[in-house]
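*Asks:* My file is entry-v4.txt. It has compact mmCIF, N, CA, C and O atoms:
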```txt
# COMPACT_ATOMS: atom_id res chain seq x y z
N MET M 1 25.96 4.47 1.43
CA MET M 1 24.99 3.63 0.78
C MET M 1 23.78 3.39 1.69
O MET M 1 22.64 3.37 1.24
N TYR M 2 24.10 3.19 2.99
CA TYR M 2 23.03 2.94 3.95
C TYR M 2 22.08 4.13 4.04
O TYR M 2 20.86 3.96 4.07
N SER M 3 22.63 5.33 4.08
CA SER M 3 21.78 6.52 4.21
C SER M 3 20.95 6.76 2.96
O SER M 3 19.81 7.25 3.05
N ILE M 4 21.47 6.40 1.80
CA ILE M 4 20.70 6.55 0.56
C ILE M 4 19.51 5.60 0.57
O ILE M 4 18.38 5.99 0.23
N LEU M 5 19.75 4.35 0.97
CA LEU M 5 18.65 3.38 1.04
C LEU M 5 17.63 3.76 2.10
O LEU M 5 16.42 3.58 1.92
N LEU M 6 18.11 4.28 3.23
CA LEU M 6 17.19 4.70 4.28
C LEU M 6 16.32 5.87 3.82
O LEU M 6 15.11 5.89 4.06
N THR M 7 16.91 6.81 3.11
CA THR M 7 16.15 7.94 2.56
C THR M 7 15.13 7.45 1.54
O THR M 7 13.98 7.90 1.54
N ALA M 8 15.54 6.52 0.67
CA ALA M 8 14.62 5.96 -0.31
C ALA M 8 13.47 5.23 0.37
O ALA M 8 12.32 5.31 -0.07
N MET M 9 13.77 4.52 1.46
CA MET M 9 12.72 3.79 2.17
C MET M 9 11.71 4.75 2.81
O MET M 9 10.51 4.49 2.79
N ILE M 10 12.19 5.85 3.34
CA ILE M 10 11.28 6.84 3.93
C ILE M 10 10.40 7.46 2.85
O ILE M 10 9.19 7.62 3.04
N ILE M 11 10.99 7.78 1.70
CA ILE M 11 10.21 8.36 0.61
C ILE M 11 9.17 7.38 0.10
O ILE M 11 8.00 7.74 -0.11
N VAL M 12 9.56 6.11 -0.08
CA VAL M 12 8.61 5.10 -0.54
C VAL M 12 7.51 4.89 0.50
O VAL M 12 6.34 4.71 0.16
N GLY M 13 7.86 4.95 1.78
CA GLY M 13 6.86 4.82 2.84
C GLY M 13 5.82 5.93 2.79
O GLY M 13 4.62 5.68 2.93
N VAL M 14 6.27 7.16 2.55
CA VAL M 14 5.33 8.28 2.42
C VAL M 14 4.46 8.10 1.18
O VAL M 14 3.25 8.37 1.21
N LEU M 15 5.05 7.62 0.09
CA LEU M 15 4.27 7.38 -1.13
C LEU M 15 3.23 6.28 -0.93
O LEU M 15 2.13 6.36 -1.47
N ILE M 16 3.57 5.26 -0.13
CA ILE M 16 2.59 4.21 0.17
C ILE M 16 1.42 4.80 0.94
O ILE M 16 0.26 4.49 0.66
N ILE M 17 1.71 5.62 1.91
CA ILE M 17 0.65 6.26 2.70
C ILE M 17 -0.26 7.08 1.79
O ILE M 17 -1.49 7.01 1.89
N LEU M 18 0.33 7.85 0.90
CA LEU M 18 -0.47 8.67 -0.03
C LEU M 18 -1.30 7.79 -0.97
O LEU M 18 -2.46 8.10 -1.25
N ALA M 19 -0.72 6.70 -1.45
CA ALA M 19 -1.44 5.81 -2.36
C ALA M 19 -2.63 5.15 -1.66
O ALA M 19 -3.71 5.02 -2.24
N VAL M 20 -2.45 4.76 -0.40
CA VAL M 20 -3.55 4.15 0.34
C VAL M 20 -4.65 5.18 0.61
O VAL M 20 -5.84 4.87 0.50
N LEU M 21 -4.26 6.39 0.93
CA LEU M 21 -5.26 7.43 1.20
C LEU M 21 -6.03 7.83 -0.06
O LEU M 21 -7.17 8.27 0.02
N MET M 22 -5.41 7.68 -1.23
CA MET M 22 -6.07 8.06 -2.47
C MET M 22 -7.02 6.98 -2.99
O MET M 22 -7.83 7.25 -3.88
N GLN M 23 -6.96 5.78 -2.44
CA GLN M 23 -7.83 4.71 -2.92
C GLN M 23 -9.27 5.01 -2.54
O GLN M 23 -9.55 5.46 -1.42
N PRO M 24 -10.20 4.75 -3.46
CA PRO M 24 -11.60 5.01 -3.16
C PRO M 24 -12.13 4.05 -2.09
O PRO M 24 -11.69 2.90 -2.01
N SER M 25 -13.05 4.53 -1.30
CA SER M 25 -13.62 3.73 -0.22
C SER M 25 -14.60 2.71 -0.78
O SER M 25 -15.39 3.00 -1.67
N LYS M 26 -14.58 1.49 -0.22
CA LYS M 26 -15.50 0.45 -0.66
C LYS M 26 -16.80 0.49 0.15
O LYS M 26 -17.81 0.03 -0.29
N GLN M 27 -16.75 1.03 1.33
CA GLN M 27 -17.93 1.15 2.19
C GLN M 27 -18.26 2.62 2.38
O GLN M 27 -17.36 3.46 2.42
N GLN M 28 -19.52 2.90 2.54
CA GLN M 28 -19.92 4.29 2.79
C GLN M 28 -19.39 4.76 4.13
O GLN M 28 -18.87 5.84 4.26
N ASP M 29 -19.55 3.91 5.15
CA ASP M 29 -18.99 4.20 6.46
C ASP M 29 -18.84 2.89 7.23
O ASP M 29 -19.39 1.87 6.86
N ALA M 30 -18.08 2.91 8.28
CA ALA M 30 -17.81 1.70 9.04
C ALA M 30 -19.06 1.20 9.75
O ALA M 30 -19.23 0.00 9.96
N LEU M 31 -19.96 2.08 10.11
CA LEU M 31 -21.16 1.68 10.82
C LEU M 31 -22.05 0.79 9.97
O LEU M 31 -22.66 -0.14 10.47
N SER M 32 -22.13 1.06 8.67
CA SER M 32 -22.98 0.23 7.82
C SER M 32 -22.43 -1.19 7.71
O SER M 32 -23.19 -2.13 7.53
N ALA M 33 -21.13 -1.36 7.83
CA ALA M 33 -20.55 -2.70 7.80
C ALA M 33 -20.88 -3.46 9.08
O ALA M 33 -21.10 -4.66 9.07
N LEU M 34 -20.93 -2.72 10.21
CA LEU M 34 -21.22 -3.38 11.48
C LEU M 34 -22.70 -3.58 11.72
O LEU M 34 -23.11 -4.55 12.34
N SER M 35 -23.52 -2.66 11.23
CA SER M 35 -24.95 -2.74 11.50
C SER M 35 -25.67 -3.70 10.57
O SER M 35 -26.77 -4.14 10.86
N GLY M 36 -25.09 -4.02 9.44
CA GLY M 36 -25.71 -4.97 8.54
C GLY M 36 -26.40 -4.34 7.36
O GLY M 36 -26.81 -5.04 6.45
N SER M 37 -26.55 -3.05 7.34
CA SER M 37 -27.17 -2.43 6.17
C SER M 37 -26.17 -2.47 5.03
O SER M 37 -25.05 -2.02 5.16
N GLY M 38 -26.57 -3.07 3.95
CA GLY M 38 -25.66 -3.26 2.84
C GLY M 38 -24.76 -4.45 3.04
O GLY M 38 -23.69 -4.52 2.46
N GLY M 39 -25.18 -5.39 3.88
CA GLY M 39 -24.37 -6.57 4.16
C GLY M 39 -24.15 -7.44 2.96
O GLY M 39 -23.17 -8.15 2.88
N GLY M 40 -25.06 -7.41 2.00
CA GLY M 40 -24.88 -8.20 0.79
C GLY M 40 -23.71 -7.70 -0.05
O GLY M 40 -23.07 -8.46 -0.75
N ASP M 41 -23.44 -6.41 0.05
CA ASP M 41 -22.33 -5.84 -0.69
C ASP M 41 -20.99 -6.06 -0.01
O ASP M 41 -19.95 -5.90 -0.63
N LEU M 42 -21.03 -6.44 1.27
CA LEU M 42 -19.79 -6.56 2.03
C LEU M 42 -18.90 -7.66 1.47
O LEU M 42 -17.69 -7.51 1.39
N PHE M 43 -19.49 -8.78 1.08
CA PHE M 43 -18.70 -9.90 0.59
C PHE M 43 -18.81 -10.07 -0.92
O PHE M 43 -18.41 -11.09 -1.46
N ALA M 44 -19.36 -9.10 -1.61
CA ALA M 44 -19.47 -9.18 -3.07
C ALA M 44 -18.09 -9.04 -3.69
O ALA M 44 -17.28 -8.23 -3.26
N THR M 45 -17.85 -9.87 -4.68
CA THR M 45 -16.56 -9.80 -5.34
C THR M 45 -16.71 -8.99 -6.62
O THR M 45 -17.42 -9.39 -7.53
N GLN M 46 -16.05 -7.87 -6.64
CA GLN M 46 -16.07 -7.02 -7.81
C GLN M 46 -14.63 -6.76 -8.23
O GLN M 46 -13.78 -6.47 -7.39
N LYS M 47 -14.38 -6.88 -9.50
CA LYS M 47 -13.04 -6.63 -10.01
C LYS M 47 -12.80 -5.12 -10.06
O LYS M 47 -13.66 -4.36 -10.49
N ALA M 48 -11.63 -4.74 -9.58
CA ALA M 48 -11.28 -3.32 -9.59
C ALA M 48 -11.09 -2.85 -11.02
O ALA M 48 -10.51 -3.54 -11.84
N ARG M 49 -11.60 -1.67 -11.32
CA ARG M 49 -11.50 -1.12 -12.67
C ARG M 49 -11.03 0.33 -12.60
O ARG M 49 -11.28 1.03 -11.65
N GLY M 50 -10.37 0.74 -13.65
CA GLY M 50 -9.99 2.14 -13.80
C GLY M 50 -9.03 2.62 -12.73
O GLY M 50 -8.01 2.01 -12.46
N PHE M 51 -9.39 3.74 -12.12
CA PHE M 51 -8.54 4.39 -11.12
C PHE M 51 -8.26 3.47 -9.93
O PHE M 51 -7.14 3.43 -9.42
N GLU M 52 -9.27 2.73 -9.51
CA GLU M 52 -9.11 1.83 -8.37
C GLU M 52 -8.07 0.75 -8.66
O GLU M 52 -7.24 0.44 -7.81
N ALA M 53 -8.10 0.19 -9.85
CA ALA M 53 -7.14 -0.84 -10.22
C ALA M 53 -5.72 -0.28 -10.28
O ALA M 53 -4.76 -0.92 -9.84
N VAL M 54 -5.59 0.93 -10.82
CA VAL M 54 -4.28 1.56 -10.90
C VAL M 54 -3.73 1.81 -9.51
O VAL M 54 -2.55 1.55 -9.24
N MET M 55 -4.55 2.32 -8.62
CA MET M 55 -4.09 2.61 -7.26
C MET M 55 -3.72 1.33 -6.51
O MET M 55 -2.75 1.32 -5.74
N GLN M 56 -4.46 0.25 -6.72
CA GLN M 56 -4.11 -1.03 -6.08
C GLN M 56 -2.77 -1.54 -6.59
O GLN M 56 -1.94 -2.02 -5.82
N ARG M 57 -2.55 -1.41 -7.88
CA ARG M 57 -1.29 -1.87 -8.47
C ARG M 57 -0.12 -1.02 -7.98
O ARG M 57 0.94 -1.54 -7.63
N ILE M 58 -0.31 0.29 -7.92
CA ILE M 58 0.75 1.19 -7.44
C ILE M 58 1.08 0.87 -5.98
O ILE M 58 2.25 0.82 -5.59
N THR M 59 0.05 0.63 -5.17
CA THR M 59 0.28 0.32 -3.76
C THR M 59 1.05 -0.98 -3.60
O THR M 59 1.96 -1.09 -2.78
N ALA M 60 0.70 -1.99 -4.39
CA ALA M 60 1.40 -3.27 -4.32
C ALA M 60 2.85 -3.14 -4.76
O ALA M 60 3.76 -3.70 -4.12
N ILE M 61 3.10 -2.38 -5.81
CA ILE M 61 4.48 -2.19 -6.29
C ILE M 61 5.30 -1.42 -5.27
O ILE M 61 6.45 -1.79 -4.96
N LEU M 62 4.72 -0.36 -4.71
CA LEU M 62 5.44 0.41 -3.69
C LEU M 62 5.70 -0.44 -2.45
O LEU M 62 6.76 -0.33 -1.83
N GLY M 63 4.75 -1.28 -2.08
CA GLY M 63 4.95 -2.18 -0.95
C GLY M 63 6.09 -3.15 -1.19
O GLY M 63 6.90 -3.42 -0.29
N ALA M 64 6.18 -3.70 -2.39
CA ALA M 64 7.27 -4.61 -2.72
C ALA M 64 8.62 -3.89 -2.69
O ALA M 64 9.61 -4.42 -2.17
N ILE M 65 8.66 -2.68 -3.23
CA ILE M 65 9.90 -1.89 -3.21
C ILE M 65 10.31 -1.59 -1.78
O ILE M 65 11.48 -1.70 -1.41
N TRP M 66 9.34 -1.23 -0.94
CA TRP M 66 9.62 -0.92 0.46
C TRP M 66 10.18 -2.14 1.19
O TRP M 66 11.14 -2.04 1.96
N PHE M 67 9.60 -3.30 0.91
CA PHE M 67 10.06 -4.55 1.53
C PHE M 67 11.49 -4.88 1.08
O PHE M 67 12.34 -5.25 1.91
N ILE M 68 11.78 -4.74 -0.20
CA ILE M 68 13.12 -5.02 -0.71
C ILE M 68 14.14 -4.04 -0.12
O ILE M 68 15.26 -4.44 0.25
N LEU M 69 13.76 -2.78 -0.02
CA LEU M 69 14.66 -1.80 0.61
C LEU M 69 14.92 -2.15 2.07
O LEU M 69 16.04 -2.01 2.57
N GLY M 70 13.88 -2.63 2.75
CA GLY M 70 14.06 -3.04 4.14
C GLY M 70 15.03 -4.21 4.27
O GLY M 70 15.90 -4.22 5.17
N LEU M 71 14.91 -5.18 3.38
CA LEU M 71 15.85 -6.31 3.41
C LEU M 71 17.26 -5.86 3.10
O LEU M 71 18.23 -6.35 3.71
N ALA M 72 17.41 -4.94 2.15
CA ALA M 72 18.74 -4.42 1.82
C ALA M 72 19.34 -3.68 3.00
O ALA M 72 20.54 -3.80 3.28
N LEU M 73 18.52 -2.92 3.73
CA LEU M 73 19.02 -2.20 4.90
C LEU M 73 19.45 -3.17 6.00
O LEU M 73 20.45 -2.95 6.68
N VAL M 74 18.69 -4.24 6.19
CA VAL M 74 19.06 -5.24 7.20
C VAL M 74 20.38 -5.89 6.81
O VAL M 74 21.26 -6.09 7.65
N TYR M 75 20.53 -6.21 5.54
CA TYR M 75 21.77 -6.83 5.07
C TYR M 75 22.96 -5.89 5.28
O TYR M 75 24.03 -6.31 5.76
N LEU M 76 22.79 -4.62 4.93
CA LEU M 76 23.88 -3.67 5.10
C LEU M 76 24.23 -3.43 6.57
O LEU M 76 25.40 -3.23 6.91
N SER M 77 23.24 -3.42 7.42
CA SER M 77 23.53 -3.18 8.83
C SER M 77 24.18 -4.38 9.50
O SER M 77 24.87 -4.24 10.50
N ALA M 78 23.98 -5.57 8.94
CA ALA M 78 24.59 -6.78 9.51
C ALA M 78 26.03 -6.96 9.03
O ALA M 78 26.80 -7.70 9.66
N HIS M 79 26.39 -6.32 7.94
CA HIS M 79 27.74 -6.52 7.40
C HIS M 79 28.57 -5.26 7.50
O HIS M 79 28.37 -4.21 7.40
```
Can the structure from this file be put into structure tokens for me?
*Replies:*
Amino acid sequence: MYSILLTAMIIVGVLIILAVLMQPSKQQDALSALSGSGGGDLFATQKARGFEAVMQRITAILGAIWFILGLALVYLSAH
């Protein structure tokens, strides 16, 4: 059981990495955030739409699954 959960956690971890990498960038580059060009856009609140919203939701769900698997692994290793 432990090895199945560990394998699932590794797979979910890789899927989280892929989901984060697939999310669209909010800034053109890191330098523009530090230099101040486009500073008004830095704190603008925009609701995620379309692909961006789907990717945020998938990342959050995968993160929750990864956390639950981690707790299950800790429980199994303690007992």
*Asks:* Taking all atoms listed in the file into account, name the residue in M:Leu73, M:Thr59, M:Phe51, M:Ile68 that is nearest to M:Val20.
*Replies:*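 Looking at the shortest contact to M:Val20, the residue is M:Thr59.
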*Asks:* Record the distance separating atom C of M:Ser77 and atom C of M:Ile58, expressed in Å with one decimal.
*Replies:*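 Atom-to-atom, atom C of M:Ser77 and atom C of M:Ile58 are spaced 28.3 Å apart.
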*Asks:* Listed atoms of stretch 2-20 of chain M, axis-aligned box, 5 Å per side: centre and edge lengths to one decimal in Å, as AutoDock Vina command-line options?
*Replies:*
```
--center_x 9.1 --center_y 5.8 --center_z 1.0 --size_x 39.9 --size_y 15.7 --size_z 16.6
```
*Asks:* Between atom CA of M:Met1 and atom CA of M:Leu76, what is the distance in Å, rounded to a tenth?
*Replies:*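 Between these atoms lies a distance of 8.6 Å.
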*Asks:* Just to confirm, what's the straight-line distance from atom N of M:Pro24 to atom N of M:Glu52 in Å (one decimal)?
*Replies:* 6.4 Å
*Asks:* Fewer than 4 positions away in the same chain doesn't count, so skip those; otherwise give me all residues within 12 Å of M:Ile11, counting only C-alpha atoms, as a PyMOL selection string.
*Replies:* chain M and resi 4-7+15-18+62-63+65-66+69
*Asks:* Taking only C-alpha atoms into account, which of M:Val14, M:Ile61, M:Ala78, M:Ala19 comes nearest M:Tyr2?
*Replies:*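 Among the listed residues, M:Ala78 lies closest to M:Tyr2.
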